[in-house]
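Asker: So I've got this file, entry.cif, and it contains mmCIF, C-alpha atoms:
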data_input
#
loop_
_atom_site.label_atom_id
_atom_site.label_comp_id
_atom_site.auth_asym_id
_atom_site.auth_seq_id
_atom_site.Cartn_x
_atom_site.Cartn_y
_atom_site.Cartn_z
CA MET X 98 159.75 75.58 62.16
CA ALA X 99 157.44 73.10 63.83
CA LEU X 100 154.66 75.68 63.96
CA SER X 101 155.07 76.59 60.33
CA ALA X 102 155.00 72.93 59.40
CA LEU X 103 151.88 72.51 61.48
CA LEU X 104 150.14 75.45 59.87
CA CYS X 105 151.33 74.50 56.44
CA ALA X 106 150.00 70.99 56.71
CA GLY X 107 146.82 71.97 58.42
CA LEU X 108 145.81 74.92 56.38
CA SER X 109 146.86 74.04 52.93
CA GLY X 110 147.88 70.44 53.12
CA CYS X 111 151.06 71.47 51.35
CA GLU X 112 153.39 68.70 50.45
CA SER X 113 156.59 67.65 52.07
CA GLY X 114 158.46 67.54 48.77
CA ASP X 115 159.64 64.01 49.46
CA CYS X 116 159.61 62.76 45.90
CA MET X 117 161.12 59.41 45.03
CA LEU X 118 164.71 59.68 43.87
CA SER X 119 163.89 58.09 40.54
CA SER X 120 161.00 59.22 38.40
CA GLU X 121 161.43 56.27 36.06
CA SER X 122 160.54 52.64 36.53
CA TYR X 123 162.97 49.89 35.61
CA CYS X 124 162.40 46.19 35.38
CA SER X 125 165.10 44.55 37.48
CA PHE X 126 166.54 41.20 36.33
CA SER X 127 168.67 39.19 38.80
CA PHE X 128 171.07 36.54 37.52
CA VAL X 129 171.14 33.22 39.38
CA ASN X 130 172.44 29.71 38.83
CA ALA X 131 170.35 26.55 38.72
CA ALA X 132 170.29 26.48 42.53
CA GLY X 133 168.87 30.00 42.66
CA LYS X 134 172.06 31.51 44.04
CA GLY X 135 173.18 34.89 42.73
CA ILE X 136 175.99 34.83 40.16
CA LYS X 137 178.21 37.24 38.27
CA LEU X 138 178.48 36.84 34.54
CA LEU X 139 182.10 36.23 33.54
CA ASP X 140 181.37 37.36 30.01
CA THR X 141 180.49 40.92 29.24
CA LEU X 142 176.85 41.63 28.66
CA THR X 143 175.33 43.90 26.06
CA VAL X 144 171.57 44.44 25.99
CA ALA X 145 170.07 45.74 22.76
CA VAL X 146 166.53 46.51 21.73
CA ASN X 147 164.68 47.48 18.60
CA LEU X 148 163.47 50.94 19.47
CA ASN X 149 160.28 52.43 18.11
CA ASP X 150 160.84 55.22 15.68
CA TYR X 151 158.85 58.33 16.42
CA ASP X 152 157.25 58.23 12.95
CA THR X 153 154.61 55.60 13.43
CA THR X 154 152.76 54.25 10.44
CA TYR X 155 149.26 52.88 10.90
CA VAL X 156 148.42 49.96 8.68
CA TYR X 157 144.85 48.67 8.49
CA ARG X 158 143.97 45.45 6.77
CA CYS X 159 140.69 43.78 5.86
CA ASP X 160 141.09 40.61 3.79
CA THR X 161 143.26 41.74 0.87
CA ASP X 162 142.56 45.45 1.25
CA THR X 163 145.27 47.47 3.05
CA VAL X 164 145.12 51.12 4.13
CA VAL X 165 148.27 52.96 5.24
CA SER X 166 147.99 56.18 7.22
CA GLN X 167 150.24 58.42 9.28
CA LEU X 168 147.34 58.99 11.67
CA PRO X 169 144.93 56.55 13.29
CA VAL X 170 141.63 56.16 11.41
CA ASP X 171 138.98 55.07 13.88
CA THR X 172 136.27 54.59 11.27
CA LEU X 173 138.17 51.80 9.55
CA GLU X 174 138.10 49.59 12.61
CA ALA X 175 134.33 49.99 12.75
CA LYS X 176 134.23 48.64 9.19
CA GLY X 177 136.01 45.48 10.23
CA TYR X 178 139.61 46.43 9.47
CA ASP X 179 142.31 45.10 11.78
CA LEU X 180 144.95 47.54 12.90
CA LEU X 181 148.52 46.43 12.33
CA LEU X 182 150.64 49.05 14.04
CA LEU X 183 153.91 49.39 12.19
CA ALA X 184 156.81 51.39 13.44
CA ASN X 185 160.10 51.98 11.74
CA ARG X 186 162.59 50.50 14.12
CA VAL X 187 166.11 51.47 15.04
CA GLN X 188 168.58 49.48 17.08
CA GLY X 189 169.30 50.79 20.55
CA ILE X 190 171.89 49.69 23.09
CA LEU X 191 170.63 49.81 26.68
CA LEU X 192 173.71 48.24 28.21
CA ASN X 193 177.12 48.13 26.58
CA ARG X 194 179.63 45.40 27.43
CA LYS X 195 179.07 45.37 31.17
CA SER X 196 181.52 43.13 33.02
CA GLY X 197 180.61 40.97 35.98
CA ALA X 198 176.92 41.77 35.81
CA GLU X 199 174.88 40.39 38.70
CA ARG X 200 171.70 42.10 37.68
CA VAL X 201 170.46 44.52 35.10
CA GLU X 202 167.74 47.18 35.22
CA LEU X 203 165.96 47.73 31.92
CA PRO X 204 163.29 50.24 30.92
CA LEU X 205 160.01 48.95 29.52
CA SER X 206 158.11 50.70 26.78
CA PHE X 207 155.38 53.24 27.63
CA THR X 208 153.26 52.37 24.61
CA ALA X 209 153.95 48.76 23.62
CA ASP X 210 152.71 45.82 25.65
CA ARG X 211 155.51 43.47 24.62
CA ASP X 212 159.22 44.31 24.64
CA THR X 213 162.07 42.30 23.20
CA PHE X 214 165.56 42.43 24.72
CA PHE X 215 168.61 40.93 23.03
CA PHE X 216 171.19 39.73 25.55
CA HIS X 217 174.55 39.52 23.74
CA TYR X 218 177.37 37.73 25.52
CA SER X 219 180.93 38.18 24.41
CA ALA X 220 181.31 34.59 23.26
CA ARG X 221 179.17 35.32 20.20
CA LEU X 222 176.28 33.89 22.04
CA SER X 223 173.01 35.62 22.66
CA ASP X 224 169.60 35.14 24.17
CA THR X 225 166.34 36.93 23.54
CA VAL X 226 163.99 37.87 26.35
CA TRP X 227 160.37 38.86 25.76
CA VAL X 228 158.44 40.75 28.41
CA GLU X 229 154.70 41.24 28.16
CA HIS X 230 153.36 43.99 30.35
CA GLN X 231 150.46 46.29 31.11
CA ASN X 232 151.26 49.99 31.30
CA HIS X 233 149.80 52.18 34.01
CA PRO X 234 150.58 55.91 33.80
CA TYR X 235 150.69 56.92 37.45
CA PHE X 236 150.12 60.23 39.20
CA SER X 237 152.60 60.39 42.07
CA SER X 238 151.64 63.80 43.38
CA MET X 239 151.31 67.37 42.20
CA ASP X 240 154.95 68.13 43.01
CA CYS X 241 156.50 64.84 41.98
CA GLY X 242 154.74 64.50 38.65
CA THR X 243 153.93 61.34 36.77
CA VAL X 244 155.71 58.04 36.42
CA MET X 245 154.98 54.91 34.42
CA HIS X 246 154.14 51.78 36.39
CA TYR X 247 153.93 48.36 34.79
CA LYS X 248 152.57 44.94 35.56
CA ILE X 249 154.40 42.02 33.98
CA VAL X 250 151.85 39.55 32.66
CA GLY X 251 154.13 37.20 30.78
CA ILE X 252 157.78 36.44 30.16
CA ALA X 253 159.76 34.10 27.94
CA SER X 254 163.27 33.65 26.63
CA THR X 255 165.43 31.59 24.36
CA THR X 256 167.59 29.00 26.08
CA HIS X 257 171.14 29.38 24.87
CA LEU X 258 172.80 30.46 28.08
CA ILE X 259 169.52 31.02 29.87
CA ASP X 260 167.95 27.95 31.40
CA SER X 261 164.70 29.51 32.50
CA ILE X 262 163.19 32.80 33.51
CA GLN X 263 160.75 33.60 36.29
CA VAL X 264 158.76 36.64 37.34
CA THR X 265 159.27 37.18 41.07
CA ALA X 266 157.47 40.52 41.45
CA PRO X 267 155.20 41.55 38.59
CA GLU X 268 154.68 45.14 39.73
CA VAL X 269 157.36 47.39 38.22
CA THR X 270 157.49 50.79 39.87
CA ASN X 271 160.10 53.46 40.53
CA THR X 272 160.91 51.69 43.79
CA LEU X 273 163.70 49.45 42.59
CA LYS X 274 163.33 45.79 43.51
CA GLU X 275 163.88 42.46 41.81
CA ASN X 276 161.15 41.70 39.30
CA VAL X 277 162.62 38.80 37.33
CA LYS X 278 165.06 35.97 38.03
CA ILE X 279 167.09 34.64 35.11
CA TYR X 280 168.46 31.14 35.70
CA PHE X 281 171.64 30.47 33.69
CA THR X 282 172.62 26.98 32.64
CA VAL X 283 176.34 27.44 33.17
CA SER X 284 177.82 28.28 36.51
CA HIS X 285 179.93 31.40 36.45
CA MET S 214 116.64 59.37 82.60
CA LEU S 215 119.61 60.73 80.62
CA ARG S 216 121.76 60.29 83.68
CA SER S 217 120.81 56.61 83.90
CA ILE S 218 121.45 56.01 80.21
CA LEU S 219 124.87 57.67 80.37
CA LEU S 220 125.80 55.74 83.49
CA LEU S 221 124.65 52.48 81.97
CA ALA S 222 126.54 53.12 78.71
CA ILE S 223 129.81 53.91 80.47
CA SER S 224 129.36 51.02 82.89
CA LEU S 225 128.96 48.66 79.94
CA LEU S 226 131.98 50.14 78.18
CA LEU S 227 134.17 49.83 81.23
CA THR S 228 133.04 46.33 82.08
CA VAL S 229 133.51 44.97 78.57
CA ALA S 230 136.85 46.59 77.77
CA PRO S 231 139.03 45.32 80.62
CA ALA S 232 137.24 41.99 80.88
CA SER S 233 140.37 39.99 80.20
CA ALA S 234 142.34 41.85 82.83
CA GLN S 235 139.70 41.19 85.38
CA THR S 236 139.32 37.52 84.81
CA ARG S 237 141.96 36.70 87.40
CA LYS S 238 140.54 39.09 89.95
CA MET S 239 137.33 39.01 91.81
CA ARG S 240 134.99 41.18 89.72
CA PRO S 241 133.46 43.88 91.90
CA SER S 242 129.74 43.79 92.17
CA ALA S 243 127.84 45.68 89.48
CA GLU S 244 126.32 47.86 92.13
CA SER S 245 129.62 49.06 93.63
CA GLN S 246 131.17 49.45 90.20
CA ARG S 247 128.30 51.59 89.08
CA SER S 248 128.55 53.78 92.15
CA LYS S 249 132.30 54.24 91.55
CA ILE S 250 131.62 55.27 87.96
CA ALA S 251 128.89 57.60 89.12
CA GLU S 252 131.36 59.14 91.52
CA TRP S 253 134.00 59.50 88.78
CA LEU S 254 131.44 61.10 86.50
CA ASP S 255 130.33 63.44 89.23
CA LEU S 256 126.84 62.14 88.67
CA THR S 257 126.31 62.54 92.35
CA ASP S 258 126.25 66.27 91.71
CA SER S 259 122.97 67.81 91.11
CA ILE S 260 123.77 69.25 87.66
CA PRO S 261 121.67 67.92 84.81
CA VAL S 262 123.37 65.58 82.36
CA PHE S 263 122.12 67.48 79.36
CA GLN S 264 123.68 70.91 79.33
CA GLY S 265 122.74 72.14 75.87
CA VAL S 266 123.53 72.05 72.18
CA SER S 267 125.94 74.20 70.18
CA VAL S 268 126.36 74.71 66.46
CA MET S 269 129.61 75.91 64.99
CA THR S 270 131.46 76.59 61.81
CA ASP S 271 135.14 76.65 60.95
CA LEU S 272 136.56 79.89 59.57
CA VAL S 273 140.06 78.66 58.68
CA GLY S 274 139.00 76.66 55.62
CA PRO S 275 137.27 79.51 53.76
CA GLY S 276 139.86 81.99 55.06
CA TRP S 277 142.76 79.99 53.74
CA TYR S 278 141.09 79.68 50.34
CA ALA S 279 140.37 83.42 50.27
CA PHE S 280 144.06 84.08 50.77
CA GLY S 281 145.04 81.92 47.80
CA GLY S 282 145.09 78.39 49.18
CA ASP S 283 144.43 75.49 46.84
CA PHE S 284 141.71 73.92 48.96
CA LEU S 285 138.30 75.15 50.01
CA SER S 286 136.92 73.38 53.03
CA THR S 287 133.71 74.52 54.68
CA GLU S 288 132.06 72.74 57.55
CA VAL S 289 129.45 72.99 60.24
CA ALA S 290 129.21 70.97 63.41
CA VAL S 291 126.70 70.15 66.09
CA GLU S 292 127.92 69.48 69.60
CA VAL S 293 125.96 68.20 72.59
CA ASN S 294 127.08 69.16 76.08
CA LEU S 295 126.78 66.38 78.63
CA LEU S 296 127.67 67.30 82.20
CA ASN S 297 129.80 70.11 80.82
CA ARG S 298 132.40 67.36 80.42
CA PHE S 299 131.57 65.15 77.45
CA PHE S 300 130.76 66.72 74.08
CA PRO S 301 129.69 64.29 71.35
CA VAL S 302 130.21 66.04 67.99
CA LEU S 303 129.01 65.56 64.44
CA GLU S 304 130.88 67.54 61.77
CA VAL S 305 129.65 67.80 58.20
CA GLY S 306 131.67 69.57 55.56
CA TYR S 307 132.40 70.03 51.91
CA GLY S 308 135.92 70.07 50.53
CA ARG S 309 137.02 70.90 47.03
CA THR S 310 140.09 71.76 45.03
CA ASP S 311 140.80 72.65 41.43
CA ALA S 312 144.53 73.14 41.43
CA THR S 313 147.31 73.21 38.86
CA ASN S 314 150.99 72.90 39.64
CA GLU S 315 152.94 75.35 37.52
CA ASP S 316 156.11 73.27 37.55
CA THR S 317 154.71 69.87 36.70
CA GLU S 318 151.64 71.23 34.86
CA LEU S 319 149.53 68.66 36.63
CA HIS S 320 145.90 69.46 37.33
CA TYR S 321 143.84 67.85 40.08
CA LYS S 322 140.16 68.39 40.71
CA THR S 323 137.74 67.02 43.26
CA ALA S 324 134.74 68.12 45.31
CA ALA S 325 132.83 66.08 47.85
CA PRO S 326 131.15 66.14 51.25
CA TYR S 327 132.75 64.59 54.30
CA PHE S 328 131.65 63.59 57.78
CA ARG S 329 133.30 63.28 61.14
CA VAL S 330 131.93 61.96 64.41
CA GLY S 331 133.71 62.10 67.71
CA LEU S 332 133.86 63.34 71.24
CA ASN S 333 135.47 66.26 73.04
CA TYR S 334 136.42 65.99 76.69
CA ASN S 335 136.54 69.12 78.80
CA VAL S 336 139.62 68.74 80.96
CA GLN S 337 138.50 71.72 83.07
CA TYR S 338 135.00 70.48 83.69
CA LYS S 339 135.14 71.26 87.40
CA LYS S 340 135.59 74.95 86.64
CA LYS S 341 132.31 76.66 86.12
CA SER S 342 133.72 79.16 83.61
CA PRO S 343 132.30 79.28 80.05
CA GLY S 344 135.76 78.80 78.54
CA TYR S 345 137.66 75.56 78.72
CA ILE S 346 140.43 73.39 77.28
CA PHE S 347 139.48 70.11 75.71
CA ALA S 348 140.93 67.01 74.14
CA GLY S 349 139.08 65.03 71.55
CA ALA S 350 139.01 62.41 68.86
CA ARG S 351 137.26 62.08 65.53
CA LEU S 352 136.54 59.43 62.94
CA GLY S 353 136.23 60.89 59.44
CA TYR S 354 134.90 59.48 56.18
CA THR S 355 134.40 60.71 52.65
CA SER S 356 133.50 59.15 49.33
CA PHE S 357 134.62 61.14 46.32
CA GLU S 358 135.68 61.20 42.68
CA TYR S 359 138.66 63.04 41.30
CA ASP S 360 140.15 64.03 37.96
CA VAL S 361 143.83 64.30 37.23
CA ASP S 362 145.47 65.32 33.99
CA GLY S 363 148.76 66.67 32.78
CA PRO S 364 151.16 66.83 29.87
CA PRO S 365 151.61 63.69 27.77
CA MET S 366 154.20 61.27 29.08
CA THR S 367 157.14 60.94 26.70
CA ASP S 368 159.03 57.67 26.70
CA PRO S 369 162.69 58.68 27.05
CA VAL S 370 164.05 55.36 25.80
CA TRP S 371 161.63 53.60 23.50
CA GLY S 372 160.09 56.75 22.09
CA GLY S 373 156.47 57.71 21.67
CA GLU S 374 154.20 59.45 24.08
CA LEU S 375 151.06 58.69 26.02
CA PRO S 376 148.31 61.13 27.00
CA PHE S 377 147.79 61.63 30.70
CA HIS S 378 144.16 62.26 31.51
CA PHE S 379 142.01 60.40 33.99
CA SER S 380 138.60 61.55 35.12
CA GLY S 381 136.04 60.26 37.55
CA ILE S 382 138.40 58.08 39.57
CA ARG S 383 136.33 56.82 42.47
CA SER S 384 137.81 56.66 45.92
CA HIS S 385 136.89 56.72 49.58
CA ALA S 386 138.85 57.48 52.70
CA LEU S 387 138.60 56.75 56.39
CA TRP S 388 140.77 58.54 58.89
CA THR S 389 141.06 59.41 62.56
CA GLU S 390 141.98 62.65 64.28
CA LEU S 391 143.35 63.38 67.73
CA MET S 392 142.97 66.93 68.83
CA ILE S 393 143.32 69.54 71.53
CA GLY S 394 141.54 72.84 71.61
CA VAL S 395 140.31 75.82 73.56
CA ARG S 396 136.95 77.55 73.81
CA ALA S 397 136.25 81.04 75.08
CA GLN S 398 133.09 83.06 75.38
CA ILE S 399 133.11 86.18 73.23
CA HIS S 400 129.57 87.47 73.72
CA LYS S 401 126.59 85.91 75.48
CA ASN S 402 125.94 82.66 73.59
CA PHE S 403 128.76 83.16 71.11
CA HIS S 404 132.02 81.38 71.69
CA MET S 405 135.18 80.95 69.67
CA GLY S 406 138.01 78.53 69.82
CA TRP S 407 140.97 76.89 68.18
CA SER S 408 141.57 73.25 67.65
CA PHE S 409 144.78 71.55 66.52
CA ARG S 410 144.37 68.17 64.96
CA TYR S 411 146.70 65.30 64.18
CA LYS S 412 145.21 63.23 61.38
CA VAL S 413 146.06 59.66 60.47
CA ARG S 414 144.83 57.85 57.38
CA LEU S 415 143.26 54.51 58.18
CA ASN S 416 142.14 53.45 54.73
CA VAL S 417 142.23 55.12 51.32
CA LYS S 418 141.22 53.47 48.07
CA ASP S 419 143.89 53.93 45.42
CA SER S 420 143.61 53.29 41.70
CA PRO S 421 146.25 51.83 39.35
CA ASN S 422 146.72 55.31 37.88
CA ALA S 423 146.72 57.56 40.91
CA SER S 424 146.44 57.84 44.61
CA PRO S 425 144.31 60.78 45.67
CA TRP S 426 146.36 63.88 46.32
CA TYR S 427 143.72 65.82 48.22
CA ILE S 428 141.06 64.09 50.31
CA PRO S 429 138.08 66.25 51.31
CA GLY S 430 138.07 66.68 55.08
CA PHE S 431 141.51 65.14 55.51
CA GLY S 432 143.75 67.35 53.43
CA ALA S 433 146.74 66.53 51.30
CA SER S 434 147.26 62.86 51.13
CA ASP S 435 150.25 62.06 53.24
CA ASN S 436 149.68 59.22 55.64
CA THR S 437 149.58 61.72 58.47
CA THR S 438 148.97 65.42 58.52
CA PHE S 439 148.04 68.25 60.83
CA GLY S 440 145.00 70.45 60.77
CA VAL S 441 143.84 73.54 62.53
CA THR S 442 140.37 75.04 62.90
CA TYR S 443 139.11 78.33 64.22
CA ASP S 444 135.55 77.74 65.27
CA LEU S 445 132.76 80.23 65.73
CA VAL S 446 130.31 78.61 68.14
CA TYR S 447 126.72 79.48 68.92
CA ARG S 448 125.31 77.92 72.00
CA ILE S 449 121.58 77.44 71.52
CA PRO S 450 119.74 78.90 74.49
CA TRP S 451 118.26 76.19 76.64
CA ASN S 452 115.66 76.45 79.39
#
Would it be possible to restate this file's structure as structure tokens?
Answerer:
Amino acid sequence: MALSALLCAGLSGCESGDCMLSSESYCSFSFVNAAGKGIKLLDTLTVAVNLNDYDTTYVYRCDTDTVVSQLPVDTLEAKGYDLLLLANRVQGILLNRKSGAERVELPLSFTADRDTFFFHYSARLSDTVWVEHQNHPYFSSMDCGTVMHYKIVGIASTTHLIDSIQVTAPEVTNTLKENVKIYFTVSH
Amino acid sequence: MLRSILLLAISLLLTVAPASAQTRKMRPSAESQRSKIAEWLDLTDSIPVFQGVSVMTDLVGPGWYAFGGDFLSTEVAVEVNLLNRFFPVLEVGYGRTDATNEDTELHYKTAAPYFRVGLNYNVQYKKKSPGYIFAGARLGYTSFEYDVDGPPMTDPVWGGELPFHFSGIRSHALWTELMIGVRAQIHKNFHMGWSFRYKVRLNVKDSPNASPWYIPGFGASDNTTFGVTYDLVYRIPWN
């Protein structure tokens, strides 16, 4: 066994097959009170997003002239047209009525650079969280495939139940760790 | 002359390295220290310091590729024999791969030269036989570019897909190798031998989109790996 491993590594450099358990990257939000101490939400939490539809419409505009296309038209941009990327959107639920949430892991978009999350609490109260990010398609290895990595470059939220929001680790990879702290105004 | 240079170099090395340990002790005189080193080096013997030069090539790299391996690594080396005990070595090679994984459909391509410098130490230097067992160390370096591409990445949640194609990613790598090996004479000035190497990455430049999978001269890019060479050695006739 040891000899075969030795030969394998030496001759071919073959891989150990130790791929990460998760091939997807999630942005991890931790919930804390004003003192920074971890809390559990007493209300249930539902997280919704407006998902991109697969049928993307490309809208180009220059002054009052508008061109709509189902495919990108590079030549228009050279003529001074601005690209307004429109996508038909559908509502998606990423987390449904989770009780006692202490943290939540949410996927970021591969293609957009700004995602909007709607945090619905059971008391007919909600907050909106915006995450701006850079997307880095990442080659893990030949055996393990590809994974999307992100870098959070900005974050903001409404302040209904949320007091403030802070990026603690901007690099979002498939190694799960806290990326964002959400400070809630009420102690739960 | 060579004998004096070697003695001086090792004397300097040995006096500088343990300097802190010696601060509390009376430092032996340079003269007696030098004579002790000369004794340890067997420089009191009458054999010349310079014992010859050998050139060699590794057969495992091309052989492995010929039998279907993903990597082609070819290298030549020049080795100087000092006192039949110390063998400074320079290895120059060229490593390339153009591989596709059938499962993940990922394709990786690179080709670049690499260099290693180091020293072998003949642990059987007192034996006068042409074959010997040695231990050694190397420092390796390569600068290379690589391409990686694969199927588009499909966003499972938000929808949409992103092409996956990156070419000309620049990288460089520095690594060290510890090794043991054997040499045996096969015919007159021709020798052969095996070496087994334990390789450790010291520094590899990554990019935001990939870390190099195969590094020329090092192998597949785990932090550590093993290597093996089968060397065909020609000892250049001297005198």
Asker: Taking only C-alpha atoms into account, which residues of chain S are within 8 Å of chain X, as a ChimeraX atom specification?
Answerer: /S:273-274,277,282-284,313-314,316-317,319-321,361,366-368,370-375,377,410,421-424,426-427,432-435,438-441
Asker: Keeping C-alpha atoms, export the residues of the selection given above as a PDB file, keeping the file's coordinate frame.
Answerer:
ATOM      1  CA  VAL S 273     140.060  78.660  58.680  1.00  0.00           C
ATOM      2  CA  GLY S 274     139.000  76.660  55.620  1.00  0.00           C
ATOM      3  CA  TRP S 277     142.760  79.990  53.740  1.00  0.00           C
ATOM      4  CA  GLY S 282     145.090  78.390  49.180  1.00  0.00           C
ATOM      5  CA  ASP S 283     144.430  75.490  46.840  1.00  0.00           C
ATOM      6  CA  PHE S 284     141.710  73.920  48.960  1.00  0.00           C
ATOM      7  CA  THR S 313     147.310  73.210  38.860  1.00  0.00           C
ATOM      8  CA  ASN S 314     150.990  72.900  39.640  1.00  0.00           C
ATOM      9  CA  ASP S 316     156.110  73.270  37.550  1.00  0.00           C
ATOM     10  CA  THR S 317     154.710  69.870  36.700  1.00  0.00           C
ATOM     11  CA  LEU S 319     149.530  68.660  36.630  1.00  0.00           C
ATOM     12  CA  HIS S 320     145.900  69.460  37.330  1.00  0.00           C
ATOM     13  CA  TYR S 321     143.840  67.850  40.080  1.00  0.00           C
ATOM     14  CA  VAL S 361     143.830  64.300  37.230  1.00  0.00           C
ATOM     15  CA  MET S 366     154.200  61.270  29.080  1.00  0.00           C
ATOM     16  CA  THR S 367     157.140  60.940  26.700  1.00  0.00           C
ATOM     17  CA  ASP S 368     159.030  57.670  26.700  1.00  0.00           C
ATOM     18  CA  VAL S 370     164.050  55.360  25.800  1.00  0.00           C
ATOM     19  CA  TRP S 371     161.630  53.600  23.500  1.00  0.00           C
ATOM     20  CA  GLY S 372     160.090  56.750  22.090  1.00  0.00           C
ATOM     21  CA  GLY S 373     156.470  57.710  21.670  1.00  0.00           C
ATOM     22  CA  GLU S 374     154.200  59.450  24.080  1.00  0.00           C
ATOM     23  CA  LEU S 375     151.060  58.690  26.020  1.00  0.00           C
ATOM     24  CA  PHE S 377     147.790  61.630  30.700  1.00  0.00           C
ATOM     25  CA  ARG S 410     144.370  68.170  64.960  1.00  0.00           C
ATOM     26  CA  PRO S 421     146.250  51.830  39.350  1.00  0.00           C
ATOM     27  CA  ASN S 422     146.720  55.310  37.880  1.00  0.00           C
ATOM     28  CA  ALA S 423     146.720  57.560  40.910  1.00  0.00           C
ATOM     29  CA  SER S 424     146.440  57.840  44.610  1.00  0.00           C
ATOM     30  CA  TRP S 426     146.360  63.880  46.320  1.00  0.00           C
ATOM     31  CA  TYR S 427     143.720  65.820  48.220  1.00  0.00           C
ATOM     32  CA  GLY S 432     143.750  67.350  53.430  1.00  0.00           C
ATOM     33  CA  ALA S 433     146.740  66.530  51.300  1.00  0.00           C
ATOM     34  CA  SER S 434     147.260  62.860  51.130  1.00  0.00           C
ATOM     35  CA  ASP S 435     150.250  62.060  53.240  1.00  0.00           C
ATOM     36  CA  THR S 438     148.970  65.420  58.520  1.00  0.00           C
ATOM     37  CA  PHE S 439     148.040  68.250  60.830  1.00  0.00           C
ATOM     38  CA  GLY S 440     145.000  70.450  60.770  1.00  0.00           C
ATOM     39  CA  VAL S 441     143.840  73.540  62.530  1.00  0.00           C
TER      40      VAL S 441
END
Asker: Spell out the residues picked by the PyMOL selection byres ((chain S and resi 417) around 7) here, as a list in words.
Answerer: His385, Ala386, Leu387, Leu415, Asn416, Lys418 and Asp419 of chain S
Asker: Using the chain letters and residue numbers of this document, give as a list in words the residues selected by the PyMOL selection byres ((chain X and resi 193) around 7).
Answerer: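 Applying the PyMOL selection byres ((chain X and resi 193) around 7) to the structure shown produces Leu142, Thr143, Val144, Ile190, Leu191, Leu192, Arg194 and Lys195 of chain X.
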Asker: Rounded to one decimal in Å, what is the spacing between atom CA of X:Thr255 and atom CA of X:Tyr218?
Answerer: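 Pair atom CA of X:Thr255 / atom CA of X:Tyr218 returns 13.5 Å.
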Asker: Suppose you want the space between atom CA of S:Ile428 and atom CA of S:Thr270; what is it in Å?
Answerer: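 According to the coordinates, atom CA of S:Ile428 and atom CA of S:Thr270 are separated by 19.5 Å.
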